[in-house]
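The next block is query_33.txt, given as compact mmCIF, C-alpha atoms.
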# COMPACT_ATOMS: atom_id res chain seq x y z
CA MET A 141 142.38 -20.26 61.64
CA GLY A 142 142.34 -20.07 57.87
CA ASN A 143 138.97 -19.57 56.29
CA ASP A 144 138.73 -19.67 52.54
CA GLY A 145 134.94 -19.33 52.65
CA ASP A 146 135.01 -16.60 50.05
CA GLU A 147 136.77 -18.72 47.44
CA ARG A 148 134.27 -21.49 48.11
CA ASN A 149 131.37 -19.13 47.47
CA ILE A 150 129.76 -20.04 50.75
CA ARG A 151 126.36 -18.42 51.02
CA TRP A 152 122.97 -18.90 52.61
CA HIS A 153 120.78 -21.55 51.10
CA HIS A 154 117.37 -20.15 51.79
CA SER A 155 115.15 -22.93 52.99
CA THR A 156 111.96 -23.35 51.07
CA VAL A 157 110.06 -23.36 54.37
CA THR A 158 109.90 -19.76 55.55
CA ARG A 159 109.96 -18.54 59.11
CA GLU A 160 106.46 -17.14 58.66
CA GLN A 161 105.13 -20.54 57.56
CA ARG A 162 106.65 -22.12 60.63
CA GLU A 163 105.21 -19.42 62.89
CA ILE A 164 101.73 -20.11 61.53
CA GLN A 165 102.25 -23.85 62.05
CA ASN A 166 103.46 -23.31 65.62
CA GLY A 167 100.93 -20.64 66.57
CA HIS A 168 103.59 -18.27 67.84
CA LYS A 169 106.58 -16.29 66.72
CA GLY A 170 110.16 -17.37 67.18
CA MET A 171 112.01 -15.55 69.93
CA THR A 172 115.02 -15.68 72.20
CA ILE A 173 114.38 -15.09 75.88
CA TRP A 174 117.86 -14.50 77.25
CA PHE A 175 118.17 -14.92 81.01
CA THR A 176 121.10 -13.48 82.87
CA GLY A 177 121.79 -13.74 86.56
CA LEU A 178 124.03 -15.15 89.25
CA SER A 179 124.51 -18.83 89.94
CA ALA A 180 121.59 -20.10 92.06
CA SER A 181 119.48 -17.07 91.17
CA GLY A 182 116.90 -19.48 89.73
CA LYS A 183 117.59 -19.26 85.99
CA SER A 184 117.30 -22.98 85.22
CA THR A 185 114.32 -23.56 87.47
CA ILE A 186 112.39 -20.63 86.05
CA ALA A 187 113.40 -21.56 82.49
CA ASN A 188 112.15 -25.13 82.89
CA CYS A 189 108.95 -23.95 84.51
CA LEU A 190 108.41 -21.46 81.67
CA GLU A 191 109.09 -24.17 79.09
CA GLU A 192 106.55 -26.48 80.67
CA LYS A 193 103.88 -23.79 80.81
CA LEU A 194 104.49 -22.84 77.19
CA PHE A 195 104.40 -26.50 76.16
CA LYS A 196 101.02 -26.94 77.86
CA MET A 197 99.80 -23.92 75.89
CA GLY A 198 100.80 -25.77 72.71
CA CYS A 199 103.88 -23.67 72.09
CA HIS A 200 107.23 -24.97 70.88
CA ALA A 201 109.74 -23.90 73.49
CA MET A 202 113.26 -25.04 74.21
CA VAL A 203 115.51 -24.33 77.15
CA LEU A 204 119.18 -23.86 76.43
CA ASP A 205 120.81 -24.44 79.74
CA GLY A 206 124.35 -23.60 80.71
CA ASP A 207 124.97 -26.87 82.43
CA ASN A 208 123.41 -28.88 79.60
CA ILE A 209 125.13 -27.12 76.71
CA ARG A 210 128.47 -27.51 78.43
CA HIS A 211 128.02 -31.28 78.30
CA GLY A 212 127.59 -31.19 74.54
CA LEU A 213 128.13 -28.36 72.09
CA ASN A 214 130.48 -26.48 74.40
CA LYS A 215 132.17 -29.28 76.26
CA ASN A 216 135.54 -28.25 74.87
CA LEU A 217 135.31 -24.86 76.60
CA GLY A 218 136.50 -23.89 80.05
CA PHE A 219 135.91 -20.84 82.20
CA SER A 220 138.62 -18.42 81.09
CA LYS A 221 137.44 -15.05 79.79
CA GLU A 222 138.11 -16.21 76.22
CA ASP A 223 136.22 -19.47 76.68
CA ARG A 224 133.30 -17.76 78.39
CA GLU A 225 133.06 -15.41 75.42
CA GLU A 226 133.09 -18.31 72.96
CA ASN A 227 130.53 -20.13 75.11
CA ILE A 228 128.11 -17.24 74.85
CA ARG A 229 128.91 -16.64 71.18
CA ARG A 230 127.96 -20.21 70.21
CA ILE A 231 124.81 -20.08 72.31
CA GLY A 232 123.88 -16.76 70.72
CA GLU A 233 124.22 -18.30 67.27
CA LEU A 234 122.18 -21.34 68.30
CA ALA A 235 119.49 -19.07 69.74
CA LYS A 236 119.38 -17.12 66.47
CA LEU A 237 118.99 -20.35 64.49
CA LEU A 238 116.11 -21.50 66.71
CA THR A 239 114.36 -18.13 66.50
CA SER A 240 114.54 -18.34 62.71
CA LYS A 241 112.81 -21.73 62.98
CA ALA A 242 109.93 -20.24 65.01
CA ILE A 243 110.96 -21.79 68.31
CA ILE A 244 110.72 -19.86 71.58
CA ASN A 245 114.18 -20.48 72.99
CA ILE A 246 115.11 -19.71 76.55
CA ALA A 247 118.82 -19.24 77.16
CA ALA A 248 119.54 -19.71 80.86
CA PHE A 249 123.17 -18.81 81.40
CA ILE A 250 124.99 -16.63 83.87
CA SER A 251 126.34 -14.67 80.88
CA PRO A 252 128.14 -12.24 83.18
CA PHE A 253 129.44 -9.73 80.63
CA ARG A 254 127.42 -6.96 79.04
CA ALA A 255 129.48 -7.06 75.88
CA ASP A 256 128.78 -10.77 75.32
CA ARG A 257 125.05 -10.34 75.91
CA ALA A 258 125.03 -7.34 73.61
CA ALA A 259 126.77 -9.45 70.96
CA ALA A 260 124.13 -12.19 71.30
CA ARG A 261 121.40 -9.58 70.93
CA ALA A 262 123.10 -7.95 67.97
CA LEU A 263 122.85 -11.23 66.03
CA GLN A 264 119.09 -10.95 65.94
CA ASP A 265 116.51 -8.50 64.69
CA GLU A 266 114.76 -6.03 66.98
CA GLY A 267 111.94 -7.80 68.79
CA ASP A 268 113.40 -11.28 68.32
CA PHE A 269 115.51 -11.11 71.47
CA ILE A 270 114.71 -9.99 75.00
CA GLU A 271 117.07 -9.82 77.91
CA VAL A 272 115.56 -10.94 81.21
CA PHE A 273 117.46 -10.14 84.38
CA ILE A 274 116.86 -12.84 87.00
CA LYS A 275 117.51 -10.59 89.96
CA CYS A 276 118.50 -12.12 93.26
CA PRO A 277 120.87 -10.70 95.90
CA ILE A 278 124.09 -12.65 96.07
CA GLU A 279 123.48 -13.28 99.79
CA VAL A 280 120.29 -15.17 98.89
CA CYS A 281 122.04 -17.13 96.11
CA GLU A 282 124.84 -18.01 98.49
CA GLU A 283 122.40 -19.16 101.14
CA ARG A 284 120.54 -21.35 98.61
CA ASP A 285 123.77 -22.74 97.14
CA PRO A 286 122.06 -25.98 96.01
CA LYS A 287 125.26 -27.40 94.54
CA GLY A 288 127.59 -26.19 97.31
CA ILE A 289 129.59 -24.22 94.78
CA TYR A 290 129.54 -20.87 96.57
CA LYS A 291 131.15 -22.65 99.49
CA LYS A 292 133.87 -24.00 97.20
CA ALA A 293 134.34 -20.57 95.65
CA ARG A 294 134.75 -18.95 99.08
CA ALA A 295 137.28 -21.65 99.95
CA GLY A 296 139.19 -20.91 96.75
CA ILE A 297 138.61 -24.42 95.37
CA ILE A 298 136.76 -22.90 92.40
CA LYS A 299 138.55 -19.94 90.87
CA ASP A 300 137.02 -17.22 88.69
CA PHE A 301 133.61 -17.73 90.25
CA THR A 302 131.04 -15.18 89.10
CA GLY A 303 130.03 -12.80 91.86
CA ILE A 304 132.84 -13.91 94.18
CA SER A 305 136.12 -13.87 92.31
CA HIS A 306 134.92 -13.01 88.81
CA PRO A 307 132.81 -9.99 87.85
CA TYR A 308 129.10 -10.05 87.14
CA GLU A 309 127.91 -7.07 85.15
CA GLU A 310 124.25 -6.38 85.84
CA PRO A 311 122.15 -5.46 82.82
CA GLU A 312 121.72 -1.71 82.40
CA ASN A 313 118.64 -1.90 80.26
CA PRO A 314 116.99 -5.33 80.54
CA ASP A 315 113.64 -5.83 78.80
CA LEU A 316 112.32 -7.48 81.93
CA VAL A 317 113.49 -7.77 85.55
CA ILE A 318 112.32 -10.84 87.45
CA ASP A 319 112.77 -10.74 91.20
CA SER A 320 113.44 -14.38 92.04
CA SER A 321 114.08 -13.75 95.71
CA GLN A 322 110.48 -12.68 96.30
CA ASN A 323 108.53 -14.92 93.91
CA ASP A 324 108.43 -18.63 93.17
CA ALA A 325 109.36 -20.03 89.75
CA ALA A 326 105.75 -20.35 88.58
CA LYS A 327 105.03 -16.70 89.35
CA CYS A 328 108.24 -15.63 87.59
CA ALA A 329 107.34 -17.73 84.53
CA ASP A 330 103.85 -16.19 84.43
CA GLU A 331 105.35 -12.71 84.33
CA ILE A 332 107.34 -13.68 81.27
CA ILE A 333 104.33 -15.26 79.56
CA ASN A 334 102.37 -12.07 80.14
CA TYR A 335 105.20 -10.18 78.51
CA LEU A 336 105.10 -12.51 75.48
CA ARG A 337 101.35 -12.09 75.20
CA ASP A 338 101.61 -8.30 75.33
CA ALA A 339 104.43 -8.34 72.79
CA GLY A 340 102.28 -10.27 70.29
CA ILE A 341 104.49 -13.37 70.27
CA LEU A 342 101.58 -15.74 70.89
CA LEU A 343 99.47 -15.87 67.75
CA THR A 344 96.74 -18.43 68.42
CA LYS A 345 93.56 -17.63 70.28
CA ASP A 346 94.13 -20.57 72.63
CA ALA A 347 97.56 -19.41 73.61
CA GLN A 348 96.40 -15.84 74.09
CA GLU A 349 93.45 -16.71 76.26
CA THR A 350 95.03 -19.27 78.55
CA LYS A 351 94.42 -18.09 82.09
CA LEU A 352 97.47 -18.01 84.26
CA MET B 178 141.66 -25.38 77.83
CA GLY B 179 141.01 -25.68 81.53
CA ASN B 180 137.67 -27.11 82.51
CA ASP B 181 136.74 -27.23 86.14
CA GLY B 182 133.29 -28.56 85.37
CA ASP B 183 133.64 -31.29 87.97
CA GLU B 184 134.28 -28.87 90.81
CA ARG B 185 131.28 -26.86 89.69
CA ASN B 186 129.05 -29.96 89.88
CA ILE B 187 127.87 -29.45 86.35
CA ARG B 188 125.13 -31.94 85.52
CA TRP B 189 122.08 -32.36 83.34
CA HIS B 190 119.04 -30.44 84.37
CA HIS B 191 116.29 -32.70 83.14
CA SER B 192 113.62 -30.60 81.56
CA THR B 193 110.16 -31.14 82.89
CA VAL B 194 108.93 -31.54 79.30
CA THR B 195 110.00 -35.01 78.22
CA ARG B 196 111.03 -36.07 74.76
CA GLU B 197 108.02 -38.38 74.61
CA GLN B 198 105.64 -35.53 75.38
CA ARG B 199 107.18 -33.51 72.58
CA GLU B 200 106.95 -36.44 70.17
CA ILE B 201 103.24 -36.78 70.85
CA GLN B 202 102.78 -33.03 70.36
CA ASN B 203 104.71 -33.11 67.08
CA GLY B 204 103.24 -36.35 65.75
CA HIS B 205 106.62 -37.86 65.03
CA LYS B 206 109.80 -38.97 66.73
CA GLY B 207 112.96 -36.94 66.87
CA MET B 208 115.69 -38.11 64.55
CA THR B 209 118.90 -37.08 62.85
CA ILE B 210 119.13 -37.73 59.12
CA TRP B 211 122.81 -37.31 58.42
CA PHE B 212 123.66 -36.73 54.76
CA THR B 213 127.16 -37.27 53.48
CA GLY B 214 128.39 -36.74 49.95
CA LEU B 215 130.60 -34.70 47.68
CA SER B 216 130.15 -31.02 46.98
CA ALA B 217 127.41 -30.57 44.33
CA SER B 218 126.09 -34.08 44.93
CA GLY B 219 122.73 -32.51 45.81
CA LYS B 220 122.80 -32.61 49.61
CA SER B 221 121.37 -29.14 50.24
CA THR B 222 118.79 -29.34 47.47
CA ILE B 223 117.51 -32.73 48.63
CA ALA B 224 117.59 -31.65 52.29
CA ASN B 225 115.51 -28.55 51.57
CA CYS B 226 113.08 -30.53 49.44
CA LEU B 227 112.75 -33.12 52.21
CA GLU B 228 112.21 -30.40 54.80
CA GLU B 229 109.43 -28.84 52.72
CA LYS B 230 107.67 -32.16 52.18
CA LEU B 231 107.87 -33.00 55.89
CA PHE B 232 106.59 -29.53 56.79
CA LYS B 233 103.59 -30.00 54.50
CA MET B 234 102.92 -33.29 56.30
CA GLY B 235 102.78 -31.31 59.55
CA CYS B 236 106.19 -32.48 60.77
CA HIS B 237 108.76 -30.34 62.53
CA ALA B 238 111.89 -30.61 60.42
CA MET B 239 115.02 -28.52 60.33
CA VAL B 240 117.87 -28.52 57.82
CA LEU B 241 121.34 -27.96 59.21
CA ASP B 242 123.31 -26.89 56.21
CA GLY B 243 127.08 -26.69 55.93
CA ASP B 244 127.04 -23.36 54.21
CA ASN B 245 124.49 -21.93 56.68
CA ILE B 246 126.10 -23.19 59.88
CA ARG B 247 129.45 -21.86 58.76
CA HIS B 248 127.94 -18.36 58.72
CA GLY B 249 126.90 -18.66 62.35
CA LEU B 250 127.77 -21.27 64.93
CA ASN B 251 130.91 -22.38 63.12
CA LYS B 252 132.07 -19.18 61.52
CA ASN B 253 135.30 -19.27 63.51
CA LEU B 254 136.32 -22.54 61.84
CA GLY B 255 138.31 -23.04 58.66
CA PHE B 256 138.97 -26.10 56.53
CA SER B 257 142.00 -27.68 58.20
CA LYS B 258 141.60 -31.28 59.36
CA GLU B 259 141.28 -30.09 62.94
CA ASP B 260 138.68 -27.46 62.08
CA ARG B 261 136.70 -29.88 59.92
CA GLU B 262 136.59 -32.26 62.86
CA GLU B 263 135.39 -29.53 65.22
CA ASN B 264 132.85 -28.42 62.60
CA ILE B 265 131.31 -31.90 62.51
CA ARG B 266 131.58 -32.33 66.27
CA ARG B 267 129.54 -29.19 66.95
CA ILE B 268 126.96 -30.15 64.35
CA GLY B 269 126.73 -33.63 65.83
CA GLU B 270 126.00 -32.14 69.25
CA LEU B 271 123.43 -29.76 67.80
CA ALA B 272 121.76 -32.66 65.97
CA LYS B 273 121.61 -34.63 69.21
CA LEU B 274 120.01 -31.69 71.01
CA LEU B 275 117.37 -31.32 68.30
CA THR B 276 116.60 -35.06 68.28
CA SER B 277 116.05 -34.89 72.03
CA LYS B 278 113.53 -32.10 71.38
CA ALA B 279 111.57 -34.30 68.90
CA ILE B 280 112.70 -32.44 65.81
CA ILE B 281 113.58 -34.27 62.59
CA ASN B 282 116.92 -32.69 61.80
CA ILE B 283 118.66 -33.08 58.48
CA ALA B 284 122.41 -32.50 58.54
CA ALA B 285 123.60 -31.76 55.02
CA PHE B 286 127.38 -31.60 55.14
CA ILE B 287 130.13 -33.14 53.08
CA SER B 288 131.43 -34.72 56.33
CA PRO B 289 134.20 -36.51 54.44
CA PHE B 290 135.67 -38.60 57.25
CA ARG B 291 134.24 -41.88 58.54
CA ALA B 292 135.60 -41.26 62.02
CA ASP B 293 133.81 -37.90 62.33
CA ARG B 294 130.52 -39.35 61.10
CA ALA B 295 130.91 -42.28 63.47
CA ALA B 296 131.50 -39.84 66.31
CA ALA B 297 128.31 -37.94 65.43
CA ARG B 298 126.39 -41.22 65.37
CA ALA B 299 127.93 -42.38 68.65
CA LEU B 300 126.45 -39.34 70.43
CA GLN B 301 122.95 -40.66 69.84
CA ASP B 302 120.98 -43.77 70.67
CA GLU B 303 120.41 -46.57 68.18
CA GLY B 304 117.56 -45.60 65.88
CA ASP B 305 117.91 -41.86 66.50
CA PHE B 306 120.51 -41.36 63.77
CA ILE B 307 120.69 -42.57 60.20
CA GLU B 308 123.49 -42.01 57.74
CA VAL B 309 122.33 -41.28 54.21
CA PHE B 310 124.91 -41.44 51.45
CA ILE B 311 124.06 -38.96 48.69
CA LYS B 312 125.82 -40.87 45.96
CA CYS B 313 126.91 -39.06 42.84
CA PRO B 314 130.00 -39.70 40.70
CA ILE B 315 132.55 -36.94 41.03
CA GLU B 316 132.46 -36.42 37.26
CA VAL B 317 128.76 -35.52 37.53
CA CYS B 318 129.39 -33.22 40.52
CA GLU B 319 132.21 -31.54 38.66
CA GLU B 320 130.06 -31.06 35.56
CA ARG B 321 127.25 -29.54 37.65
CA ASP B 322 129.66 -27.33 39.64
CA PRO B 323 126.95 -24.72 40.36
CA LYS B 324 129.33 -22.50 42.31
CA GLY B 325 132.35 -22.97 40.04
CA ILE B 326 134.34 -24.35 42.93
CA TYR B 327 135.53 -27.54 41.26
CA LYS B 328 137.07 -25.34 38.60
CA LYS B 329 138.86 -23.33 41.29
CA ALA B 330 139.99 -26.52 43.01
CA ARG B 331 141.43 -27.90 39.77
CA ALA B 332 143.22 -24.59 39.25
CA GLY B 333 144.66 -24.83 42.76
CA ILE B 334 142.89 -21.64 43.91
CA ILE B 335 141.06 -23.68 46.56
CA LYS B 336 143.28 -26.04 48.48
CA ASP B 337 142.21 -29.14 50.41
CA PHE B 338 139.11 -29.58 48.28
CA THR B 339 137.19 -32.75 49.04
CA GLY B 340 137.38 -35.27 46.21
CA ILE B 341 140.14 -33.36 44.39
CA SER B 342 142.92 -32.51 46.80
CA HIS B 343 141.40 -33.77 50.05
CA PRO B 344 140.08 -37.27 50.72
CA TYR B 345 136.41 -38.26 50.78
CA GLU B 346 135.75 -41.48 52.62
CA GLU B 347 132.61 -43.15 51.29
CA PRO B 348 130.36 -44.70 53.94
CA GLU B 349 130.90 -48.42 54.36
CA ASN B 350 127.55 -49.14 55.93
CA PRO B 351 125.10 -46.29 55.28
CA ASP B 352 121.50 -46.77 56.38
CA LEU B 353 120.36 -45.47 53.01
CA VAL B 354 122.02 -44.79 49.67
CA ILE B 355 120.41 -42.13 47.49
CA ASP B 356 121.52 -42.01 43.88
CA SER B 357 121.29 -38.32 43.08
CA SER B 358 122.73 -38.66 39.61
CA GLN B 359 119.72 -40.66 38.41
CA ASN B 360 116.85 -39.10 40.37
CA ASP B 361 115.61 -35.57 40.98
CA ALA B 362 115.49 -34.06 44.46
CA ALA B 363 111.78 -34.77 44.96
CA LYS B 364 112.24 -38.45 44.17
CA CYS B 365 115.24 -38.64 46.51
CA ALA B 366 113.27 -36.96 49.30
CA ASP B 367 110.38 -39.39 48.81
CA GLU B 368 112.74 -42.32 49.27
CA ILE B 369 113.82 -40.92 52.62
CA ILE B 370 110.23 -40.26 53.72
CA ASN B 371 109.35 -43.86 52.89
CA TYR B 372 112.27 -44.94 55.05
CA LEU B 373 110.98 -42.79 57.95
CA ARG B 374 107.50 -44.25 57.56
CA ASP B 375 108.83 -47.82 57.58
CA ALA B 376 111.03 -47.05 60.58
CA GLY B 377 108.02 -45.85 62.61
CA ILE B 378 109.26 -42.27 62.95
CA LEU B 379 105.97 -40.78 61.76
CA LEU B 380 103.37 -41.31 64.46
CA THR B 381 100.21 -39.58 63.25
CA LYS B 382 97.75 -41.18 60.86
CA ASP B 383 97.92 -38.12 58.60
CA ALA B 384 101.67 -38.25 58.29
CA GLN B 385 101.64 -41.98 57.67
CA GLU B 386 99.00 -41.89 54.98
CA THR B 387 100.19 -38.93 52.95
CA LYS B 388 100.55 -40.12 49.39
CA LEU B 389 103.85 -39.34 47.80
Rewrite the structure of this file - the entire thing - as structure tokens.
Amino acid sequence: MGNDGDERNIRWHHSTVTREQREIQNGHKGMTIWFTGLSASGKSTIANCLEEKLFKMGCHAMVLDGDNIRHGLNKNLGFSKEDREENIRRIGELAKLLTSKAIINIAAFISPFRADRAAARALQDEGDFIEVFIKCPIEVCEERDPKGIYKKARAGIIKDFTGISHPYEEPENPDLVIDSSQNDAAKCADEIINYLRDAGILLTKDAQETKL
Amino acid sequence: MGNDGDERNIRWHHSTVTREQREIQNGHKGMTIWFTGLSASGKSTIANCLEEKLFKMGCHAMVLDGDNIRHGLNKNLGFSKEDREENIRRIGELAKLLTSKAIINIAAFISPFRADRAAARALQDEGDFIEVFIKCPIEVCEERDPKGIYKKARAGIIKDFTGISHPYEEPENPDLVIDSSQNDAAKCADEIINYLRDAGILLTKDAQETKL
């Protein structure tokens, strides 16, 4: 694709509303909480539970969900290696944008490849992005199989299925590991909120003192 | 591109935090304010001014700016007809997402084609999207030419330049026409805020009563 951006002098227009002003308004810093894990490991459920808890604390949180984003922004992408890369690239850019607007954004995607996750992280400054491994043995995921997709993958109806016929690369150095086979979604979400509190993401007294 | 979304039972995960809950928290409805107009017509300047005014009123507003988005989400797109279409498609989906999260989002892009703008509007419900024509004669834009790009377009250094060597389709039925050749950015932004107030987008007493 041709890109004559340089000739057009494309450059950042710095908004007159700064990130810091927004963070004060919102009572918390902007941040990307990047989930990674197998299908049916609990990513969406935990993400939605976390969002609701943060909302009740007065925070501005937004789940970016694999299934949702693929209905909209990324609906022209499939599941080839190239398309999966582009899927994660766009989400990484969206996450960066939301962080810069002081929104706590929770990306809940399988995101199977280390390189793609590293690329999403590399877009943002240190401390603005954490990788959370939603850890669940594939046997447990396959037993849950709420959408019956593991069954279809085993039958060969779905090809390139992560964990079955397509690789999943576990994080080597995640900021947080959440064991979703042993804990319910609420407990998992609380662990993440405690992390945010310890990391100084929650600025207001109310948000800091909320008992979990 | 292959897309086996159907086999994978991809569907919306409805967040437990509803749009209405977010709107009450924010004190205003979510909405897309879609600017269209020539390069140098004042889109970015008015959008940033509007964002700042809304922020000071306690609203949650976010400018999506052509130059900014092209550094991130859409940096793999050029200026061919196909790429321009995909550029606007992605922005339209992003705008829809932000509206659903109760954010007032201001898309400030040339968006030269009626069909692309209509497609962005069609993604959203009636009342969630307004088209604002930033009207400025091309002679005025060309005289302003803050980035010297009209000069380069006239010299043929930039090809497919909207208004010179690439068509710009004026809106036939914009929700609002802002004459940016006769008014400064603050005055233009005030006109839009008055529109939002009349349309019932601003829910809190404070936001409604702010004197402009």
Original post:
Could you name the residues that touch Ser357 of chain B at 8 Å or less, counting all atoms listed in the file, but leaving out those on the same chain fewer than 2 positions away, as a list of chain:residue names?
Top reply: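 With the cut-off at 8 Å, the set is B:Ser218, B:Gly219, B:Ile311, B:Lys312, B:Cys313, B:Ile355, B:Gln359, B:Asn360, B:Asp361, B:Ala362, B:Cys365.
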**OP:** Grab the atom CA of Val309 of chain B to atom CA of Ala363 of chain B distance for me, in Å with one decimal place.
**Re:**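 These atoms are spaced 15.5 Å apart.
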**OP:** Have a look at atom CA of Leu213 of chain A and atom CA of Arg261 of chain B and let me know their distance in Å, one decimal.
**Re:**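 Calculated distance between atom CA of Leu213 of chain A and atom CA of Arg261 of chain B is 15.0 Å.
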If we count only C-alpha atoms, what is near Ser288 of chain B at a cut-off of 7 Å, once residues fewer than 5 positions away on the same chain are taken out, given as a PDB file with C-alpha atoms, in the coordinates of the input?
ATOM      1  CA  THR B 213     127.160 -37.270  53.480  1.00  0.00           C
ATOM      2  CA  ILE B 265     131.310 -31.900  62.510  1.00  0.00           C
ATOM      3  CA  ARG B 294     130.520 -39.350  61.100  1.00  0.00           C
TER       4      ARG B 294
END
Subject >> For segment 273-281 of chain B: contacts at 8 Å, all atoms listed in the file, fewer than 6 positions along chain excluded, given as a list in words >> reply: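 Once the adjacent positions are removed, what remains is Met202 of chain A; Arg196, Glu197, Arg199, Glu200, Asn203, His205, Lys206, Gly207, Met208, Thr209, Ile210, Cys236, His237, Ala238, Met239, Leu300, Gln301 and Asp305 of chain B.
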**OP:** Tell me, as a list in words, which residues lie within 12 Å of Glu279 of chain A, counting only C-alpha atoms; anything in the same chain fewer than 6 positions away does not count.
**Re:**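 What passes the distance filter is Leu178, Ser179, Ala180, Ser181, Asp285, Tyr290, Gly303, Ile304 and Ser321 of chain A.
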Please, can segment 235-246 of chain A be completed to N, CA, C and O atoms and returned as a CSV table (one decimal), in the coordinates of the input?
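See rebuild_22.csv below for the written result:
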chain,number,residue,atom,x,y,z
A,235,ALA,N,120.8,-19.7,69.4
A,235,ALA,CA,119.5,-19.1,69.7
A,235,ALA,C,118.9,-18.4,68.5
A,235,ALA,O,117.7,-18.5,68.2
A,236,LYS,N,119.8,-17.8,67.7
A,236,LYS,CA,119.4,-17.1,66.5
A,236,LYS,C,118.8,-18.1,65.5
A,236,LYS,O,117.8,-17.9,64.9
A,237,LEU,N,119.5,-19.3,65.4
A,237,LEU,CA,119.0,-20.4,64.5
A,237,LEU,C,117.6,-20.8,64.9
A,237,LEU,O,116.7,-20.9,64.1
A,238,LEU,N,117.4,-21.0,66.2
A,238,LEU,CA,116.1,-21.5,66.7
A,238,LEU,C,115.0,-20.5,66.5
A,238,LEU,O,113.9,-20.8,66.2
A,239,THR,N,115.3,-19.2,66.8
A,239,THR,CA,114.4,-18.1,66.5
A,239,THR,C,113.9,-18.2,65.0
A,239,THR,O,112.7,-18.0,64.7
A,240,SER,N,114.9,-18.3,64.1
A,240,SER,CA,114.5,-18.3,62.7
A,240,SER,C,113.7,-19.5,62.3
A,240,SER,O,113.1,-19.6,61.3
A,241,LYS,N,113.7,-20.6,63.2
A,241,LYS,CA,112.8,-21.7,63.0
A,241,LYS,C,111.5,-21.7,63.8
A,241,LYS,O,110.9,-22.7,64.0
A,242,ALA,N,111.2,-20.5,64.3
A,242,ALA,CA,109.9,-20.2,65.0
A,242,ALA,C,109.8,-21.0,66.3
A,242,ALA,O,108.7,-21.3,66.8
A,243,ILE,N,110.9,-21.2,67.0
A,243,ILE,CA,111.0,-21.8,68.3
A,243,ILE,C,111.2,-20.7,69.4
A,243,ILE,O,112.1,-19.8,69.2
A,244,ILE,N,110.5,-20.7,70.4
A,244,ILE,CA,110.7,-19.9,71.6
A,244,ILE,C,111.9,-20.5,72.4
A,244,ILE,O,111.7,-21.6,72.9
A,245,ASN,N,113.0,-19.9,72.3
A,245,ASN,CA,114.2,-20.5,73.0
A,245,ASN,C,114.6,-19.6,74.2
A,245,ASN,O,114.5,-18.4,74.2
A,246,ILE,N,114.8,-20.4,75.3
A,246,ILE,CA,115.1,-19.7,76.6
A,246,ILE,C,116.6,-20.0,76.9
A,246,ILE,O,116.9,-21.2,77.3
